[in-house]
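For reference, work.cif is printed below; it contains mmCIF, C-alpha atoms.
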data_start
#
loop_
_atom_site.group_PDB
_atom_site.id
_atom_site.type_symbol
_atom_site.label_atom_id
_atom_site.label_comp_id
_atom_site.auth_asym_id
_atom_site.auth_seq_id
_atom_site.Cartn_x
_atom_site.Cartn_y
_atom_site.Cartn_z
ATOM 1 C CA MET A 1 21.742 -34.694 -13.057
ATOM 2 C CA ILE A 2 22.076 -31.122 -11.825
ATOM 3 C CA ARG A 3 19.149 -28.814 -12.446
ATOM 4 C CA ALA A 4 19.770 -25.177 -13.211
ATOM 5 C CA ARG A 5 18.466 -22.894 -10.495
ATOM 6 C CA ARG A 6 15.872 -20.506 -11.740
ATOM 7 C CA SER A 7 15.500 -17.074 -10.214
ATOM 8 C CA PRO A 8 12.137 -16.483 -8.483
ATOM 9 C CA ILE A 9 11.942 -13.137 -10.291
ATOM 10 C CA ALA A 10 12.349 -14.782 -13.675
ATOM 11 C CA GLY A 11 9.747 -17.380 -12.751
ATOM 12 C CA SER A 12 7.160 -14.686 -12.023
ATOM 13 C CA VAL A 13 7.701 -12.667 -15.210
ATOM 14 C CA GLY A 14 5.865 -15.112 -17.472
ATOM 15 C CA PRO A 15 2.573 -15.120 -15.533
ATOM 16 C CA MET A 16 2.741 -11.333 -15.194
ATOM 17 C CA ILE A 17 3.113 -10.937 -18.970
ATOM 18 C CA ILE A 18 0.191 -13.299 -19.589
ATOM 19 C CA VAL A 19 -2.068 -11.378 -17.194
ATOM 20 C CA ALA A 20 -1.023 -8.042 -18.703
ATOM 21 C CA ALA A 21 -1.682 -9.294 -22.240
ATOM 22 C CA LEU A 22 -5.118 -10.595 -21.219
ATOM 23 C CA ALA A 23 -5.982 -7.269 -19.576
ATOM 24 C CA LEU A 24 -4.935 -5.335 -22.691
ATOM 25 C CA ALA A 25 -6.938 -7.655 -24.935
ATOM 26 C CA LEU A 26 -10.081 -7.110 -22.850
ATOM 27 C CA TYR A 27 -9.572 -3.359 -22.353
ATOM 28 C CA TRP A 28 -10.739 -2.121 -25.762
ATOM 29 C CA PRO A 29 -14.030 -4.066 -26.004
ATOM 30 C CA LEU A 30 -14.795 -3.306 -22.340
ATOM 31 C CA MET A 31 -14.123 0.400 -22.917
ATOM 32 C CA LEU A 32 -16.450 0.479 -25.942
ATOM 33 C CA TRP A 33 -19.159 -1.362 -24.035
ATOM 34 C CA VAL A 34 -19.184 0.818 -20.900
ATOM 35 C CA ASN A 35 -18.884 4.108 -22.840
ATOM 36 C CA ALA A 36 -21.427 3.338 -25.571
ATOM 37 C CA GLY A 37 -24.383 3.892 -23.261
ATOM 38 C CA ALA A 38 -23.144 7.319 -22.133
ATOM 39 C CA ALA A 39 -22.354 8.236 -25.736
ATOM 40 C CA GLN A 40 -25.831 7.252 -26.894
ATOM 41 C CA ARG A 41 -27.435 9.370 -24.163
ATOM 42 C CA SER A 42 -25.318 12.351 -25.201
ATOM 43 C CA LEU A 43 -26.328 11.898 -28.854
ATOM 44 C CA ASP A 44 -29.997 11.595 -27.880
ATOM 45 C CA ASN A 45 -29.708 14.900 -26.001
ATOM 46 C CA GLY A 46 -28.333 16.584 -29.105
ATOM 47 C CA ALA A 47 -24.705 16.903 -27.981
ATOM 48 C CA GLU A 48 -22.137 17.623 -30.687
ATOM 49 C CA LEU A 49 -19.495 14.902 -30.331
ATOM 50 C CA GLY A 50 -18.173 14.946 -33.882
ATOM 51 C CA CYS A 51 -19.465 11.425 -34.538
ATOM 52 C CA THR A 52 -22.754 9.802 -35.456
ATOM 53 C CA THR A 53 -22.898 6.425 -33.712
ATOM 54 C CA ALA A 54 -22.516 5.449 -30.064
ATOM 55 C CA ILE A 55 -19.618 3.101 -30.808
ATOM 56 C CA ALA A 56 -17.756 5.789 -32.750
ATOM 57 C CA CYS A 57 -18.361 8.322 -29.972
ATOM 58 C CA ALA A 58 -17.306 5.912 -27.212
ATOM 59 C CA THR A 59 -13.681 6.980 -27.613
ATOM 60 C CA GLN A 60 -14.411 10.715 -27.735
ATOM 61 C CA LEU A 61 -16.367 11.393 -24.554
ATOM 62 C CA ARG A 62 -15.099 14.267 -22.466
ATOM 63 C CA ASN A 63 -15.645 12.336 -19.215
ATOM 64 C CA PRO A 64 -15.685 8.656 -20.175
ATOM 65 C CA VAL A 65 -16.456 5.884 -17.748
ATOM 66 C CA LEU A 66 -13.373 4.052 -19.013
ATOM 67 C CA PRO A 67 -10.988 6.221 -21.065
ATOM 68 C CA ALA A 68 -9.707 5.210 -24.469
ATOM 69 C CA PRO A 69 -5.945 4.556 -24.593
ATOM 70 C CA ALA A 70 -5.317 7.768 -26.544
ATOM 71 C CA GLN A 71 -7.340 9.813 -24.048
ATOM 72 C CA LEU A 72 -5.535 8.247 -21.116
ATOM 73 C CA GLY A 73 -2.148 8.804 -22.735
ATOM 74 C CA ASN A 74 -2.874 12.481 -23.461
ATOM 75 C CA SER A 75 -4.106 13.097 -19.912
ATOM 76 C CA LEU A 76 -1.155 11.223 -18.454
ATOM 77 C CA ARG A 77 1.271 13.382 -20.433
ATOM 78 C CA ALA A 78 -0.556 16.628 -19.646
ATOM 79 C CA MET A 79 -0.678 15.953 -15.901
ATOM 80 C CA SER A 80 2.909 14.697 -15.645
ATOM 81 C CA VAL A 81 4.793 17.592 -17.249
ATOM 82 C CA PRO A 82 6.655 19.371 -15.761
ATOM 83 C CA PRO A 83 7.135 16.613 -13.173
ATOM 84 C CA LEU A 84 8.090 18.865 -10.252
ATOM 85 C CA ALA A 85 5.361 21.459 -10.718
ATOM 86 C CA PRO A 86 3.093 21.745 -7.661
ATOM 87 C CA THR A 87 0.084 20.850 -9.826
ATOM 88 C CA SER A 88 1.654 17.799 -11.486
ATOM 89 C CA VAL A 89 0.835 14.251 -10.462
ATOM 90 C CA PRO A 90 4.492 13.126 -10.033
ATOM 91 C CA TYR A 91 5.154 15.923 -7.532
ATOM 92 C CA ASN A 92 2.038 15.119 -5.522
ATOM 93 C CA THR A 93 2.889 11.414 -5.688
ATOM 94 C CA LEU A 94 6.217 12.182 -4.034
ATOM 95 C CA ILE A 95 4.409 14.061 -1.262
ATOM 96 C CA THR A 96 2.107 11.121 -0.609
ATOM 97 C CA ALA A 97 5.031 8.699 -0.832
ATOM 98 C CA GLY A 98 6.919 10.656 1.838
ATOM 99 C CA GLU A 99 3.926 10.620 4.191
ATOM 100 C CA THR A 100 3.442 6.893 3.574
ATOM 101 C CA VAL A 101 7.088 5.982 4.190
ATOM 102 C CA VAL A 102 7.252 8.003 7.414
ATOM 103 C CA GLY A 103 3.991 6.446 8.561
ATOM 104 C CA LEU A 104 5.279 2.976 7.728
ATOM 105 C CA LEU A 105 8.483 3.603 9.695
ATOM 106 C CA ILE A 106 6.492 4.756 12.728
ATOM 107 C CA ALA A 107 4.180 1.759 12.373
ATOM 108 C CA SER A 108 7.154 -0.613 12.146
ATOM 109 C CA VAL A 109 8.729 0.662 15.348
ATOM 110 C CA LEU A 110 5.424 0.671 17.199
ATOM 111 C CA GLY A 111 4.297 -2.688 15.796
ATOM 112 C CA ILE A 112 7.555 -4.488 16.553
ATOM 113 C CA GLY A 113 7.624 -3.079 20.082
ATOM 114 C CA LEU A 114 4.043 -4.207 20.692
ATOM 115 C CA ALA A 115 4.786 -7.651 19.243
ATOM 116 C CA VAL A 116 7.710 -8.154 21.607
ATOM 117 C CA ALA A 117 5.542 -7.099 24.536
ATOM 118 C CA LEU A 118 2.661 -9.350 23.449
ATOM 119 C CA VAL A 119 4.943 -12.376 23.178
ATOM 120 C CA GLY A 120 6.842 -11.570 26.345
ATOM 121 C CA SER A 121 3.807 -11.243 28.612
ATOM 122 C CA ARG A 122 0.574 -13.202 28.360
ATOM 123 C CA ALA A 123 -1.052 -10.801 30.818
ATOM 124 C CA PHE A 124 -0.129 -7.831 28.630
ATOM 125 C CA GLU A 125 -1.556 -9.652 25.614
ATOM 126 C CA ARG A 126 -4.872 -10.391 27.337
ATOM 127 C CA VAL A 127 -5.237 -6.774 28.440
ATOM 128 C CA THR A 128 -3.994 -5.054 25.278
ATOM 129 C CA LEU A 129 -4.999 -7.182 22.287
ATOM 130 C CA PRO A 130 -8.775 -6.535 22.499
ATOM 131 C CA TRP A 131 -8.122 -2.787 22.556
ATOM 132 C CA LEU A 132 -5.754 -3.047 19.609
ATOM 133 C CA ILE A 133 -8.438 -4.871 17.635
ATOM 134 C CA ALA A 134 -11.055 -2.312 18.662
ATOM 135 C CA SER A 135 -8.793 0.530 17.526
ATOM 136 C CA GLN A 136 -8.897 -0.772 13.966
ATOM 137 C CA THR A 137 -12.692 -0.483 13.820
ATOM 138 C CA VAL A 138 -12.636 3.328 14.026
ATOM 139 C CA PRO A 139 -13.317 4.806 10.541
ATOM 140 C CA VAL A 140 -10.225 6.596 9.305
ATOM 141 C CA ILE A 141 -12.301 9.185 7.482
ATOM 142 C CA ALA A 142 -13.720 10.232 10.891
ATOM 143 C CA LEU A 143 -10.442 9.957 12.790
ATOM 144 C CA ALA A 144 -8.324 11.983 10.348
ATOM 145 C CA PRO A 145 -9.968 15.412 10.786
ATOM 146 C CA MET A 146 -10.260 14.919 14.555
ATOM 147 C CA LEU A 147 -6.554 14.105 14.837
ATOM 148 C CA ALA A 148 -5.679 17.045 12.589
ATOM 149 C CA VAL A 149 -7.641 19.424 14.858
ATOM 150 C CA VAL A 150 -6.053 18.048 18.038
ATOM 151 C CA LEU A 151 -2.529 18.190 16.646
ATOM 152 C CA GLY A 152 -3.165 21.607 15.144
ATOM 153 C CA GLN A 153 -3.773 23.004 18.645
ATOM 154 C CA TYR A 154 -0.168 22.093 19.420
ATOM 155 C CA GLY A 155 1.206 23.511 16.191
ATOM 156 C CA VAL A 156 1.606 20.148 14.451
ATOM 157 C CA GLN A 157 0.471 20.650 10.868
ATOM 158 C CA GLY A 158 1.424 19.766 7.321
ATOM 159 C CA TRP A 159 2.462 16.234 6.422
ATOM 160 C CA LEU A 160 2.954 14.874 9.968
ATOM 161 C CA PRO A 161 -0.754 14.334 10.797
ATOM 162 C CA LYS A 162 -1.122 12.380 7.534
ATOM 163 C CA ALA A 163 1.899 10.237 8.414
ATOM 164 C CA LEU A 164 0.423 9.535 11.857
ATOM 165 C CA ILE A 165 -2.870 8.442 10.280
ATOM 166 C CA ALA A 166 -0.906 6.134 7.971
ATOM 167 C CA ALA A 167 0.963 4.721 10.981
ATOM 168 C CA TYR A 168 -2.322 4.209 12.840
ATOM 169 C CA ILE A 169 -3.642 1.996 10.047
ATOM 170 C CA ALA A 170 -0.368 0.182 9.400
ATOM 171 C CA PHE A 171 0.875 -0.718 12.887
ATOM 172 C CA PHE A 172 -1.693 -3.463 13.563
ATOM 173 C CA PRO A 173 -0.673 -5.891 10.777
ATOM 174 C CA VAL A 174 2.977 -5.404 11.764
ATOM 175 C CA ALA A 175 2.252 -6.147 15.424
ATOM 176 C CA VAL A 176 0.173 -9.240 14.694
ATOM 177 C CA GLY A 177 2.554 -10.588 12.046
ATOM 178 C CA VAL A 178 5.714 -10.128 14.075
ATOM 179 C CA ALA A 179 4.056 -11.631 17.155
ATOM 180 C CA ALA A 180 3.191 -14.729 15.108
ATOM 181 C CA GLY A 181 6.769 -14.854 13.840
ATOM 182 C CA LEU A 182 8.259 -14.613 17.315
ATOM 183 C CA ARG A 183 6.123 -17.581 18.354
ATOM 184 C CA SER A 184 6.965 -19.622 15.237
ATOM 185 C CA PRO A 185 10.202 -21.415 16.346
ATOM 186 C CA ASP A 186 9.905 -25.126 16.968
ATOM 187 C CA PRO A 187 9.833 -26.061 20.703
ATOM 188 C CA MET A 188 12.702 -28.476 20.070
ATOM 189 C CA GLN A 189 14.853 -25.564 18.922
ATOM 190 C CA GLU A 190 14.056 -23.696 22.114
ATOM 191 C CA ASP A 191 14.881 -26.807 24.161
ATOM 192 C CA LEU A 192 18.209 -27.084 22.363
ATOM 193 C CA LEU A 193 19.152 -23.523 23.300
ATOM 194 C CA THR A 194 18.041 -24.232 26.856
ATOM 195 C CA THR A 195 20.461 -27.165 27.023
ATOM 196 C CA TYR A 196 23.188 -24.725 25.956
ATOM 197 C CA ARG A 197 22.148 -22.496 28.870
ATOM 198 C CA ALA A 198 21.138 -19.651 26.571
ATOM 199 C CA SER A 199 19.535 -16.705 28.328
ATOM 200 C CA GLY A 200 16.155 -15.308 27.356
ATOM 201 C CA TRP A 201 17.747 -12.498 25.339
ATOM 202 C CA GLN A 202 20.114 -14.915 23.600
ATOM 203 C CA THR A 203 17.137 -17.080 22.616
ATOM 204 C CA PHE A 204 15.372 -13.966 21.339
ATOM 205 C CA TRP A 205 18.279 -12.695 19.227
ATOM 206 C CA LYS A 206 19.492 -16.034 17.915
ATOM 207 C CA LEU A 207 16.197 -17.871 17.398
ATOM 208 C CA ARG A 208 13.013 -15.861 17.720
ATOM 209 C CA LEU A 209 14.113 -12.723 15.883
ATOM 210 C CA PRO A 210 15.529 -14.508 12.778
ATOM 211 C CA ALA A 211 12.423 -16.712 12.655
ATOM 212 C CA SER A 212 10.175 -13.639 12.719
ATOM 213 C CA LEU A 213 11.862 -11.837 9.793
ATOM 214 C CA PRO A 214 9.814 -13.528 7.036
ATOM 215 C CA PHE A 215 6.637 -12.714 8.982
ATOM 216 C CA LEU A 216 7.862 -9.143 9.417
ATOM 217 C CA PHE A 217 8.315 -8.509 5.707
ATOM 218 C CA THR A 218 5.010 -10.142 4.832
ATOM 219 C CA SER A 219 3.338 -7.874 7.365
ATOM 220 C CA LEU A 220 5.206 -4.829 6.076
ATOM 221 C CA LYS A 221 3.916 -5.445 2.552
ATOM 222 C CA VAL A 222 0.364 -5.486 3.871
ATOM 223 C CA ALA A 223 1.079 -2.465 6.072
ATOM 224 C CA ALA A 224 2.605 -0.505 3.175
ATOM 225 C CA THR A 225 -0.599 -0.664 1.156
ATOM 226 C CA ALA A 226 -2.639 0.178 4.262
ATOM 227 C CA ALA A 227 -0.380 3.146 5.017
ATOM 228 C CA LEU A 228 -0.764 4.413 1.454
ATOM 229 C CA ILE A 229 -4.543 4.260 1.726
ATOM 230 C CA GLY A 230 -4.340 6.000 5.098
ATOM 231 C CA SER A 231 -2.219 8.821 3.669
ATOM 232 C CA ILE A 232 -4.610 9.398 0.770
ATOM 233 C CA VAL A 233 -7.704 9.298 2.998
ATOM 234 C CA ALA A 234 -6.038 11.697 5.443
ATOM 235 C CA GLU A 235 -5.256 14.106 2.601
ATOM 236 C CA ILE A 236 -8.891 13.970 1.499
ATOM 237 C CA SER A 237 -10.314 14.353 5.017
ATOM 238 C CA THR A 238 -8.093 17.219 6.181
ATOM 239 C CA ILE A 239 -6.962 20.539 4.787
ATOM 240 C CA SER A 240 -4.242 19.598 2.317
ATOM 241 C CA PHE A 241 -2.349 21.652 -0.215
ATOM 242 C CA SER A 242 -0.622 18.743 -1.949
ATOM 243 C CA GLY A 243 -0.759 14.984 -2.312
ATOM 244 C CA LEU A 244 -2.726 12.459 -4.331
ATOM 245 C CA GLY A 245 -5.677 12.701 -1.943
ATOM 246 C CA LYS A 246 -5.933 16.450 -2.487
ATOM 247 C CA MET A 247 -5.858 15.937 -6.267
ATOM 248 C CA LEU A 248 -8.491 13.193 -6.042
ATOM 249 C CA ALA A 249 -10.812 15.448 -4.050
ATOM 250 C CA GLU A 250 -10.398 18.401 -6.406
ATOM 251 C CA ASN A 251 -10.894 16.435 -9.621
ATOM 252 C CA SER A 252 -13.780 14.475 -8.120
ATOM 253 C CA ARG A 253 -15.606 17.735 -7.401
ATOM 254 C CA ALA A 254 -14.859 18.827 -10.970
ATOM 255 C CA SER A 255 -16.126 15.453 -12.323
ATOM 256 C CA ASP A 256 -12.915 15.076 -14.339
ATOM 257 C CA THR A 257 -12.828 11.301 -14.796
ATOM 258 C CA LEU A 258 -9.740 11.361 -17.024
ATOM 259 C CA ALA A 259 -7.754 13.090 -14.286
ATOM 260 C CA LEU A 260 -9.101 10.627 -11.720
ATOM 261 C CA TRP A 261 -7.879 7.691 -13.814
ATOM 262 C CA VAL A 262 -4.405 9.226 -14.104
ATOM 263 C CA ILE A 263 -4.223 9.838 -10.350
ATOM 264 C CA MET A 264 -5.373 6.281 -9.639
ATOM 265 C CA LEU A 265 -2.692 4.904 -11.968
ATOM 266 C CA TYR A 266 -0.018 6.871 -10.117
ATOM 267 C CA GLY A 267 -1.391 5.663 -6.786
ATOM 268 C CA ALA A 268 -1.349 2.053 -7.971
ATOM 269 C CA GLY A 269 2.188 2.489 -9.258
ATOM 270 C CA LEU A 270 3.276 3.925 -5.909
ATOM 271 C CA GLY A 271 1.784 0.954 -4.073
ATOM 272 C CA ILE A 272 3.522 -1.507 -6.398
ATOM 273 C CA ALA A 273 6.821 0.340 -5.962
ATOM 274 C CA LEU A 274 6.585 0.236 -2.158
ATOM 275 C CA VAL A 275 5.891 -3.503 -2.127
ATOM 276 C CA ALA A 276 8.688 -4.108 -4.654
ATOM 277 C CA VAL A 277 11.210 -2.213 -2.499
ATOM 278 C CA LEU A 278 10.172 -4.237 0.536
ATOM 279 C CA GLY A 279 10.534 -7.440 -1.492
ATOM 280 C CA LEU A 280 14.062 -6.436 -2.500
ATOM 281 C CA LEU A 281 14.913 -5.580 1.101
ATOM 282 C CA GLU A 282 13.528 -8.938 2.187
ATOM 283 C CA ARG A 283 15.828 -10.803 -0.217
ATOM 284 C CA LEU A 284 18.803 -8.844 1.129
ATOM 285 C CA VAL A 285 17.943 -9.412 4.810
ATOM 286 C CA THR A 286 16.796 -13.048 4.502
ATOM 287 C CA PRO A 287 19.041 -14.596 1.818
ATOM 288 C CA TRP A 288 18.412 -18.096 3.186
ATOM 289 C CA ARG A 289 14.762 -17.892 2.072
ATOM 290 C CA ALA A 290 15.822 -17.289 -1.530
ATOM 291 C CA GLY A 291 17.869 -20.469 -1.375
ATOM 292 C CA GLN A 292 14.939 -22.425 0.069
ATOM 293 C CA SER A 293 12.567 -21.306 -2.710
ATOM 294 C CA ARG A 294 14.780 -22.669 -5.495
#

Transcribe the structure of this file into structure tokens.
Amino acid sequence: MIRARRSPIAGSVGPMIIVAALALALYWPLMLWVNAGAAQRSLDNGAELGCTTAIACATQLRNPVLPAPAQLGNSLRAMSVPPLAPTSVPYNTLITAGETVVGLLIASVLGIGLAVALVGSRAFERVTLPWLIASQTVPVIALAPMLAVVLGQYGVQGWLPKALIAAYIAFFPVAVGVAAGLRSPDPMQEDLLTTYRASGWQTFWKLRLPASLPFLFTSLKVAATAALIGSIVAEISTISFSGLGKMLAENSRASDTLALWVIMLYGAGLGIALVAVLGLLERLVTPWRAGQSR
């Protein structure tokens, strides 16, 4: 009996719908609960909210803890139109996306190069790996302005310092993941190539590199989210005229929670989009893994 092959995408849709439905079902009562306290305090202070009870006012707060769906929808529409205006969230999302992608590309090149060196030389690994680990303990919020000042002395300004901060955060998972992938082939496979008198580079290209591709894309998905966080933190910590980080800082100072929720939704959507693109690229580059998962 032949079983029909089910697409991995189709198999993941059902659980996603269930989780989304559960989140929507819990959203309304959670929103009423977290906003009722703030609404009651406003009523006790004599604020005119156009309602008489805390539950009724929970959906009408100017700066709610958790916005009502109508409030969120109105703010989302107001901050998204026109989409290419310098003050709109879509435009600033594109700026942050560009910095993140450039940072991820730099991190990929640097991480893959380091992984090859780590696998190729045990001495290099012993000397370098502790310093690589130590580099990830430096707070980005402290490193970003320092790097911006140093690069600014050489005329490097704008989006490039943010991309470099993103690359700084993202290169480590790529290096570690690819190094693990390059070491993943079975020793018997290496012995087989040795019997065929394969050179070191032939073993690398025909065995180690293909074996490391799944590790590479897994690492890139982790690095993409790290690079996005790095870009946003760099925009907050340095002088920025655009980007999601700049909008977060401005609206945080203004205590505009509705705007903050909209910006966070765009940031989450950008992160999901980056991981989805990498997943699609992974299926194109490693088609044999799709066949194995069926």

Practice task
Write out as a list in words the residues lying within 12 Å of A:Trp261, counting all atoms listed in the file and excluding same-chain residues fewer than 5 positions away.
Solution key: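 Result of the neighbour search: Asn63, Pro64, Val65, Leu66, Pro67, Ala68, Pro69, Gln71, Leu72, Gly73, Asn74, Ser75, Leu76, Met79, Val89, Leu244, Met247, Leu248, Asn251, Ser252, Ser255, Asp256, Tyr266, Gly267 and Ala268 of chain A.
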
Handout entry: Explicit residues for the PyMOL selection byres ((chain A and resi 147-160) around 10) (as a PyMOL selection string)
Key = chain A and resi 95-96+98-100+102-103+142-146+161-166+231+234-235+237-243

Practice task
Might you pull out every residue within 7 Å of A:Ala224, with only C-alpha atoms counted and same-chain residues fewer than 2 positions away left off, and present them as a list in words?
Solution key: Leu104, Ala170, Leu220, Lys221, Val222, Ala226, Ala227, Leu228, Leu274 and Val275 of chain A

Exercise for the section: Name the residues in contact with A:Leu213 at a cut-off of 10 Å, using only C-alpha atoms, excluding same-chain residues fewer than 4 positions from it; report them as a list in words. Expected result: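 Result of the neighbour search: Gly177, Val178, Gly181, Leu182, Arg208, Leu209, Phe217, Thr218, Ser219, Glu282, Val285 and Thr286 of chain A.
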
Taking C-alpha atoms for each residue, export the selection above as a PDB file, in the coordinates of the input.
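So selection-v8.pdb came out as:
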ATOM      1  CA  GLY A 177       2.554 -10.588  12.046  1.00  0.00           C
ATOM      2  CA  VAL A 178       5.714 -10.128  14.075  1.00  0.00           C
ATOM      3  CA  GLY A 181       6.769 -14.854  13.840  1.00  0.00           C
ATOM      4  CA  LEU A 182       8.259 -14.613  17.315  1.00  0.00           C
ATOM      5  CA  ARG A 208      13.013 -15.861  17.720  1.00  0.00           C
ATOM      6  CA  LEU A 209      14.113 -12.723  15.883  1.00  0.00           C
ATOM      7  CA  PHE A 217       8.315  -8.509   5.707  1.00  0.00           C
ATOM      8  CA  THR A 218       5.010 -10.142   4.832  1.00  0.00           C
ATOM      9  CA  SER A 219       3.338  -7.874   7.365  1.00  0.00           C
ATOM     10  CA  GLU A 282      13.528  -8.938   2.187  1.00  0.00           C
ATOM     11  CA  VAL A 285      17.943  -9.412   4.810  1.00  0.00           C
ATOM     12  CA  THR A 286      16.796 -13.048   4.502  1.00  0.00           C
TER      13      THR A 286
END

Handout entry: Between atom CA of A:Ala211 and atom CA of A:Ala115, distance in Å (one decimal)
Key =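 That distance, rounded to one decimal, is 13.6 Å.
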
Practice task
Could you tell me how far atom CA of A:Thr53 lies from atom CA of A:Ala36, in Å and to one decimal?
Solution key: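 If I compute the distance from atom CA of A:Thr53 to atom CA of A:Ala36, I get 8.8 Å.
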
Practice task
Could you please determine the separation between atom CA of A:Ile169 and atom CA of A:Gly230 in Å, to one decimal place?
Solution key: 6.4 Å

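Comparing A:Ile141, A:Val176, A:Ala39, A:Ala249 by their smallest distance to A:Cys51, the closest is A:Ala39 (using all atoms listed in the file).
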
Apply the PyMOL selection byres ((chain A and resi 29) around 12) to the structure shown and report the selected residues as an mmCIF file with C-alpha atoms, in the frame of the given file.
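Result went into result.cif, see below:
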data_model
loop_
_atom_site.group_PDB
_atom_site.id
_atom_site.type_symbol
_atom_site.label_atom_id
_atom_site.label_comp_id
_atom_site.auth_asym_id
_atom_site.auth_seq_id
_atom_site.Cartn_x
_atom_site.Cartn_y
_atom_site.Cartn_z
ATOM 1 C CA ALA A 23 -5.982 -7.269 -19.576
ATOM 2 C CA LEU A 24 -4.935 -5.335 -22.691
ATOM 3 C CA ALA A 25 -6.938 -7.655 -24.935
ATOM 4 C CA LEU A 26 -10.081 -7.110 -22.850
ATOM 5 C CA TYR A 27 -9.572 -3.359 -22.353
ATOM 6 C CA TRP A 28 -10.739 -2.121 -25.762
ATOM 7 C CA LEU A 30 -14.795 -3.306 -22.340
ATOM 8 C CA MET A 31 -14.123 0.400 -22.917
ATOM 9 C CA LEU A 32 -16.450 0.479 -25.942
ATOM 10 C CA TRP A 33 -19.159 -1.362 -24.035
ATOM 11 C CA VAL A 34 -19.184 0.818 -20.900
ATOM 12 C CA ASN A 35 -18.884 4.108 -22.840
ATOM 13 C CA ALA A 36 -21.427 3.338 -25.571
ATOM 14 C CA ILE A 55 -19.618 3.101 -30.808
ATOM 15 C CA ALA A 58 -17.306 5.912 -27.212
ATOM 16 C CA THR A 59 -13.681 6.980 -27.613
ATOM 17 C CA LEU A 66 -13.373 4.052 -19.013
ATOM 18 C CA PRO A 67 -10.988 6.221 -21.065
ATOM 19 C CA ALA A 68 -9.707 5.210 -24.469
ATOM 20 C CA PRO A 69 -5.945 4.556 -24.593
#

Problem - Contacts of A:Leu207 within 9 Å, only C-alpha atoms, excl. fewer than 3 positions in-chain, as number ranges by chain - result: A: 182, 185, 189-190, 193, 202-204, 210-212

Exercise for the section: Tell me which of A:Ile236, A:Gly111, A:Leu216, A:Ile229 sits closest to A:Leu281, counting only C-alpha atoms. Expected result: A:Leu216

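Checking A:Cys57, A:Ile106, A:Leu118, A:Ile263 one by one against A:Glu250, counting only C-alpha atoms, you find the shortest gap at A:Ile263.
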